[in-house]
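Quick notes on the structure that follows.
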Amino acid sequence: MWFIYFGVNFHTLLTNSLIMCNLTFVIYGKSHHKLSICGLLLFLFFIMPLHVVYGQYTNKAGTDSDTPLHLLKPEYAVPYGIPEKQQIIGSLERVYQYLNKSTPAELINAENGKSILDLNKISEKDQIKFKQGDFRLISYEWGVTYAGMLLASEVTGDQRFKKYTEERFQLIADLYPFVKNFAKGNPELMQPLRSVIQPHALDDAGAMCAAMIKAKHHGFSGELDELISNYMNYISTKQYRLSDGTLARNRPMKNSLWLDDLFMSVPALAHMGNYSGEQKYFDDAVKQVLQFSERMFNSNKNLFMHAWIEGMDEHPEFYWGRANGWAVMTMVELLEVLPKNHKGRTAILELLRNHIQGLASYQSPSGFWHQLIDKNDSYLETSATAIFTFAIARSINRGYIDAKAYGPVVCLAWNAISTAINDKGQIEGTCVGTGMGFDPAFYYHRPVNVYAAHGYGPVLLAGAEMISLLEKNYPKMNDSAIMFYTHPITTDAPIFTEK
């Protein structure tokens, strides 16, 4: 390989360097300038590219005749290998510890800052709010976090994760009847449950609703049914739709489809179908996925565009990472509860497999995915990587896709994610909230921040699902590569033949 690169590129590199040297001679007119700049250019255009391409060359003692050079450990950008269960649990606990401290389940009087311990003593004249933390207790991002805590508890057996969700849902459930009554006479009243009582967008409703239904399935005894019904009424009857029933917005333009809205609606619809037993919720959920995909799925790349506007002659296709994450997780969530005999199940499963195939083909060597999935010069982004990891690992665990093909993908991805969890338990490298755009600069330059709430739930979900993956499958290193087998491998040999 090295000699091929040298032979093919030497002439071009040297020619370009000499041309540049001649140009500098004309500019500077002095031979010593010409020689020094020529040397620098030769380094930049020839030696430096070789170093970048062949940075894995190892100057170890030994020769090919007495040393297994192929077993030398490369210097990977992130840890390479099969993740360890305890390492994953440690990462999840670090995130839990941070969030439990930084998002208190506490109500205060906004005027004097005192904690409110008895809800019966509050009145509609009181200015009440949740005690400020690093993140809001009610948001679509935190709906994902609540679900992530529940799954982490289920997989690890650690009830602290579940308690996190239940304490905050209990506070919301206890406060709901008081604030609902106050809001009847004063709908503009500023109070902490405004988006629960009066949802104004799918962002307000879907993820929180789905998390509440999951909490009920996990044994939560608090009164959430009225809240769930209110959320579902908004999604099913009040959210704006296109003429064919596709959920849409009139922002930033009339009749806009946001790929994100699949996740802000479909999992809630699907879980409500399972919770209530009503077929209409399953039917609407399937319809949304299929009608969004008809407009927004590129079958050549096997990726979804982020935005689609009815009436546009052309649709700029920007394959934003996190939106594709919401889409793939939507399908996984839907298949989790969709009846096996539902007429739309086969189409959803086929779409999921195609999407995962497309996503896997764009994974970077570091394990992360890019902010714009198909643009390698856009930055590496954590929340999308975590969502993909959860969805692909769950798809393996449910038998939708082959562990041999995709197990190494999520091992590589989790190892990358683990490097984004800092010592405080904060998630680094997460893109902040993002609308839709029609130019690359919009996506390339979105800020990242540890207080972007979108990363926390996906990391909890990804870690929990990876633990299940490791427990249900048989990964093993073979000839320095991650392999997944259908049975236990007992040998410790670095290279072995499967029997």
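In the structure tokens, each chain is lettered A, B, ... as it comes, each chain's residues begin at 1, and ligands are numbered from 1 in order of appearance.
For range 296-301 of chain A, the non-local neighbours within 10 Å, defined as residues at least 3 positions apart in the same chain or in other chains and counting only C-alpha atoms, are Leu257, Trp258, Leu259, Leu290, Gln291, Phe292, Ser293, Phe304, Met305, His306, Ala307, Trp308, His315, Glu317, Tyr319, Asn324, Leu351, Asn354, His355, Gln357, Gly358, Leu359, Ser361, Tyr362 and Asp374 of chain A.
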Please provide the set of residues having any atom within 12 Å of range 490-492 of chain A, restricted to only C-alpha atoms, with same-chain residues fewer than 4 positions apart removed, written as a compact mmCIF listing (two decimals) with C-alpha atoms, in the first residue's frame.
# COMPACT_ATOMS: atom_id res chain seq x y z
CA TYR A 474 -21.04 -13.49 22.01
CA PRO A 475 -18.56 -10.86 20.87
CA LYS A 476 -14.90 -11.82 20.69
CA MET A 477 -11.70 -10.26 19.41
CA ASN A 478 -10.26 -12.29 16.53
CA ASP A 479 -7.18 -11.21 14.61
CA TYR A 485 -20.61 -15.11 17.15
CA PHE A 496 -8.71 -18.62 15.84
CA THR A 497 -10.89 -20.58 13.46
CA GLU A 498 -14.57 -20.89 14.33
CA LYS A 499 -15.69 -24.48 14.81
Near Ile387 in chain A, within 10 Å and counting only C-alpha atoms, which residues show up once chain neighbours fewer than 5 positions away are dropped, as a PDB file with C-alpha atoms, in the first residue's frame?
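Output file part01.pdb is given in full below:
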ATOM      1  CA  GLY A 321     -27.564  13.491  12.208  1.00  0.00           C
ATOM      2  CA  ARG A 322     -29.930  13.896  15.133  1.00  0.00           C
ATOM      3  CA  ALA A 323     -33.050  14.079  12.949  1.00  0.00           C
ATOM      4  CA  ASN A 324     -32.049  10.768  11.376  1.00  0.00           C
ATOM      5  CA  GLY A 325     -31.617   9.545  14.943  1.00  0.00           C
ATOM      6  CA  TRP A 326     -35.154  10.531  15.838  1.00  0.00           C
ATOM      7  CA  ALA A 327     -36.395   8.716  12.736  1.00  0.00           C
ATOM      8  CA  VAL A 328     -34.559   5.439  13.344  1.00  0.00           C
ATOM      9  CA  MET A 329     -35.517   5.448  17.030  1.00  0.00           C
ATOM     10  CA  THR A 382     -22.553  12.841  20.232  1.00  0.00           C
ATOM     11  CA  ILE A 392     -29.020  -0.417  16.125  1.00  0.00           C
ATOM     12  CA  ALA A 393     -28.293  -2.322  19.343  1.00  0.00           C
ATOM     13  CA  HIS A 454     -30.549  16.302  23.781  1.00  0.00           C
ATOM     14  CA  GLY A 455     -27.539  14.128  24.637  1.00  0.00           C
ATOM     15  CA  GLY A 457     -31.404  10.523  27.350  1.00  0.00           C
ATOM     16  CA  PRO A 458     -29.813   8.977  24.241  1.00  0.00           C
ATOM     17  CA  VAL A 459     -26.610   8.159  26.147  1.00  0.00           C
ATOM     18  CA  LEU A 460     -28.613   6.450  28.910  1.00  0.00           C
ATOM     19  CA  LEU A 461     -30.598   4.487  26.321  1.00  0.00           C
ATOM     20  CA  ALA A 462     -27.487   3.552  24.354  1.00  0.00           C
TER      21      ALA A 462
END
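Here CA of Ile396 in chain A is placed at a distance of 9.3 Å from CA of Asn473 in chain A.
Residues in contact with Pro187 in chain A at 9 Å, where only C-alpha atoms are counted and same-chain residues fewer than 5 positions away are skipped, are listed as Phe182, Arg194 and Gln198 of chain A.
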I need the helix (DSSP H, G or I) residues of range 211-302 of chain A per DSSP on the backbone, written as a PyMOL selection string. chain A and resi 211-217+225-238+260-263+266-276+279-296
Within 9 Å of Val332 in chain A, counting only C-alpha atoms, which residues show up once you throw out same-chain ones fewer than 5 positions away? Write them as a list in words, please. Pro267, Ala327, Leu349, Leu352, Ala391, Ile392, Arg394 and Ser395 of chain A
Writing out the chosen residues with C-alpha atoms as a PDB file, in the first residue's frame:
ATOM      1  CA  PRO A 267     -43.784   6.619  19.843  1.00  0.00           C
ATOM      2  CA  ALA A 327     -36.395   8.716  12.736  1.00  0.00           C
ATOM      3  CA  LEU A 349     -39.281  -3.251   9.293  1.00  0.00           C
ATOM      4  CA  LEU A 352     -35.724   0.320   9.398  1.00  0.00           C
ATOM      5  CA  ALA A 391     -31.511   1.915  17.804  1.00  0.00           C
ATOM      6  CA  ILE A 392     -29.020  -0.417  16.125  1.00  0.00           C
ATOM      7  CA  ARG A 394     -32.033  -2.688  20.034  1.00  0.00           C
ATOM      8  CA  SER A 395     -32.562  -3.903  16.463  1.00  0.00           C
TER       9      SER A 395
END
